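I have placed the structure first, in the form of structure tokens, so that the comments after it can refer back to it.
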Amino acid sequence: MEAIQVGLLGLGTVGSGVVTIIKEHQDKLVHLVGCPVEVKKVLVREKEKERQVAVGQDLLTTSPYEVIHDKDIDVIIEVMGGIEQTKEYLLEAVKEKKHVVTANKDLMALYGSELLAAATENGCDLFYEASVAGGIPILRSLVDGLASDRITKMMGIVNGTTNFILTKMSKHGSAYSEVLKEAQELGYAESDPTADVEGLDAARKMAIMARLGFSMNVDLDDVKVKGISAVTDDDISYSKRLGYTMKLIGIAQRENGRIEVSVEPTLLPDYHPLASVSDEYNAVYVYGEAVGETMFYGPGAGSLPTATAVVSDLVGVLKNMRLGVNGRSAVAPQFDKQLKHPEETFAQQFLRIHVKDEVGSFAKITSLFSERSVSFEKILQLPLKEKGLAEIVIVTHRASQKDFAEILEQLNNLEVVEQLKSTYRVEGNGY
Ligand code: NAP
Ligand code: HSE
């Protein structure tokens with residue numbers, strides 16, 4: 001049996017896991033695809049660097065085209081990250097009739113349509129399961145497992161780094177910067193962790209899921225994004241006091257053919273199943289018209305979990321090679337994209353304000369809400385150490401994004417309002 005040769009672009013956290021799984025699960029791979037699978041060449045930046053996995057020095061190269069143009073290599077596994085240059089490498093790879101497996105959500109969120117079209121044109125597979133939610137097979141579930149249903153909502157935790165940070169801050173009172181450092185050391189964070197903490201990594205994943213789940217060309221710019229870098233200990237402790245857990249939540253919803261996609265720190269009731277998803281774990285709820293509610297849970301980052309998704313994609317490519325059906329799985333979007341307007345998107349809101357502790361303050365604030373028929377579900381008022389000030393925490397019933405934005409603008413102009421401290425979306429009341 002002649003071995004199938006694979007080229008790896010990258011040998012970092014995920015690349016090392018890929019080498020490990022190919023080696024340690026070789027028996028199973030042979031059973032599934034009918035021949036051995038071998039890594040023939042590996043692109044790295046620095047050949048002399050110490051590696052997490054043993055790889056022959058003769059396999060390493062710093063020249064991408066030595067991997068991409070190798071005649072014996074059938075599949076390129078891209079686990080190097082990066083966008084523009086990496087896109088050129090993958091376009092060249094499919095031109096060379098090599099199938100591609102990638103874990104790169106940055107690239108797929110921005111150039112997924114173009115790369116998939118190029119792969120199909122060249123009769124190549126391009127699979128990217130590991131780009132969303134690490135080890136959870138969520139993309140395959142959307143495309144295959146739930147193929148017969150119409151998906152109406154996807155909601156979940158899709159970034160391991162921020163979930164790790166929020167868990168440690170909330171459960172152990174750890175400092176934000178220390179926990180971020182720990183997440184980087186564990187290999188969860190992106191090379192530039194700003195993408196994690198500012199919500200961009202989760203937004204990329206939500207754009208990819210929304211595209212597949214709603215069969216529309218959803219762009220990254222369509223996703224409303226807010227990260228966790230401004231979340232304070234006070235926000236966490238007040239939300240706990242009111243019975244909520246803070247998570248960075250991605251939501252993609254479809255109603256009457258129009259969609260909204262967002263990523264933001266969100267308060268969930270403590271009894272909500274997503275509230276108990278801790279550390280680097282991810283979880284995604286998918287609601288379908290026929291199936292109802294389904295939930296997917298697992299490790300969202302890390303070497304072996306992510307590599308599992310990558311190597312499973314490789315198995316998919318190799319099975320297609322046996323059947324001679326590569327490059328036939330890409331499907332054009334069924335619908336034109338239609339985004340919801342701010343008056344069509346509704347949510348409960350948490351709001352924390354510092355106000356002057358004087359007669360009539362509260363009435364002035366509440367009148368702004370009642371003028372727009374937005375009522376309160378929970379209210380907390382406490383004196384502050386600063387003389388003459390009080391802290392008010394409000395959780396509203398559902399309000400439109402438009403009404404809430406107008407209320408915030410007017411609150412900022414009220415003389416009795418000292419400072420608008422924070423606002424967060426609240427989700428999952430009764431799920
Ligand atoms: P990483 O640890 O930083 O590894 C990147 C690897 O690519 C390194 O081996 C590096 O070489 C090589 N590389 C990067 N740029 C290169 C260039 N221009 N030329 C040659 N080699 C280059 O990254 P990672 O965490 O494994 O992530 C890889 C990809 O998987 C990213 O797209 C990431 O978003 C995605 N992903 C990661 C996770 C996770 O948990 N880490 C989960 C899901 C998806 P050197 O080693 O020589 O520096
Ligand atoms: N940085 C990403 C995360 C890696 O923390 O979820 C997995 O995509």
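We label chains A, B, ... in the order they appear in the structure tokens, count residues from 1 in each chain, and number ligands from 1 in the order shown.
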
Any chance you could tabulate, as a Markdown table, the residues of chain A at most 6 Å from ligand 1 with each one's nearest atom pair and distance in Å to one decimal, using only C-alpha atoms and all ligand atoms, in chain and rising number order?
| residue | atom | partner | partner_atom_place_in_ligand_line | distance |
| --- | --- | --- | --- | --- |
| A:Gly10 | CA | ligand 1 | 7 (O) | 3.3 |
| A:Leu11 | CA | ligand 1 | 9 (O) | 3.5 |
| A:Gly12 | CA | ligand 1 | 4 (O) | 3.3 |
| A:Thr13 | CA | ligand 1 | 26 (O) | 3.7 |
| A:Val14 | CA | ligand 1 | 26 (O) | 3.8 |
| A:Gly15 | CA | ligand 1 | 26 (O) | 5.6 |
| A:Leu43 | CA | ligand 1 | 21 (N) | 5.3 |
| A:Val44 | CA | ligand 1 | 21 (N) | 3.6 |
| A:Arg45 | CA | ligand 1 | 47 (O) | 3.5 |
| A:Glu46 | CA | ligand 1 | 47 (O) | 3.8 |
| A:Thr62 | CA | ligand 1 | 20 (C) | 5.8 |
| A:Val79 | CA | ligand 1 | 29 (C) | 4.2 |
| A:Met80 | CA | ligand 1 | 7 (O) | 3.3 |
| A:Gly81 | CA | ligand 1 | 32 (O) | 3.4 |
| A:Ala103 | CA | ligand 1 | 30 (O) | 4.6 |
| A:Asn104 | CA | ligand 1 | 32 (O) | 3.6 |
| A:Ala130 | CA | ligand 1 | 43 (C) | 5.5 |
| A:Ser131 | CA | ligand 1 | 44 (C) | 5.1 |
| A:Gly134 | CA | ligand 1 | 43 (C) | 4.8 |
| A:Gly187 | CA | ligand 1 | 41 (N) | 5.1 |
| A:Tyr188 | CA | ligand 1 | 40 (O) | 4.4 |
| A:Glu190 | CA | ligand 1 | 34 (O) | 5.9 |
| A:Ser191 | CA | ligand 1 | 3 (O) | 5.6 |
| A:Ala301 | CA | ligand 1 | 40 (O) | 3.5 |
| A:Gly302 | CA | ligand 1 | 40 (O) | 3.6 |
| A:Ser303 | CA | ligand 1 | 40 (O) | 5.7 |
| A:Thr306 | CA | ligand 1 | 42 (C) | 5.2 |

(request) Compute the set of protein, DNA and RNA residues whose minimum atom distance to ligand 2 is at most 10 Å, using only C-alpha atoms and all ligand atoms, and state it as a PyMOL selection string. (result) chain A and resi 14+103-106+130-135+157-165+183-184+187-197+200-202+204-205+280-282+299-303+305-306

(request) Mind checking which residues fall within 8 Å of region 307-315 of chain A, counting only C-alpha atoms, ignoring those fewer than 6 positions away in the same chain, and posting them as a list in words? (result) Val14, Gly15, Gly17, Val18, Ile21, Ile22, Leu29, Leu32, Val33, Val75, Ile77, Val101, Thr102, Ala103, Phe127, Tyr128, Glu129, Ala130, Gly134, Gly135, Ile136 and Pro137 of chain A

(message) What parts of region 77-169 of chain A does DSSP call strand (DSSP E)? I'd like the answer as a list in words.
(response) Ile77, Glu78, His99, Val100, Val101, Thr102, Leu126, Phe127, Ile151, Thr152, Lys153, Met154, Met155, Gly156 and Ile157 of chain A

(message) What's around Ala54 (chain A) at 9 Å? Count only C-alpha atoms, leave out sequence neighbours fewer than 4 positions away in its own chain, and write the answer as a VMD selection string.
(response) chain A and resid 16 19 to 20

Next, write the just-selected residues to a file, as a PDB file, in the first residue's frame, keeping all heavy atoms as the atom set.
ATOM      1  N   SER A  16       1.700  20.629  15.866  1.00  0.00           N
ATOM      2  CA  SER A  16       2.300  19.544  16.673  1.00  0.00           C
ATOM      3  C   SER A  16       1.241  18.493  16.992  1.00  0.00           C
ATOM      4  O   SER A  16       1.516  17.286  16.964  1.00  0.00           O
ATOM      5  CB  SER A  16       2.831  20.079  17.998  1.00  0.00           C
ATOM      6  OG  SER A  16       3.693  21.132  17.760  1.00  0.00           O
ATOM      7  N   VAL A  19       0.670  16.261  13.929  1.00  0.00           N
ATOM      8  CA  VAL A  19       1.731  15.243  13.766  1.00  0.00           C
ATOM      9  C   VAL A  19       1.508  14.103  14.770  1.00  0.00           C
ATOM     10  O   VAL A  19       1.595  12.918  14.429  1.00  0.00           O
ATOM     11  CB  VAL A  19       3.133  15.893  13.951  1.00  0.00           C
ATOM     12  CG1 VAL A  19       4.221  14.827  14.015  1.00  0.00           C
ATOM     13  CG2 VAL A  19       3.403  16.878  12.833  1.00  0.00           C
ATOM     14  N   THR A  20       1.169  14.471  16.003  1.00  0.00           N
ATOM     15  CA  THR A  20       0.953  13.458  17.053  1.00  0.00           C
ATOM     16  C   THR A  20      -0.206  12.532  16.679  1.00  0.00           C
ATOM     17  O   THR A  20      -0.094  11.301  16.786  1.00  0.00           O
ATOM     18  CB  THR A  20       0.636  14.151  18.407  1.00  0.00           C
ATOM     19  OG1 THR A  20       1.702  15.038  18.689  1.00  0.00           O
ATOM     20  CG2 THR A  20       0.467  13.154  19.525  1.00  0.00           C
TER      21      THR A  20
END
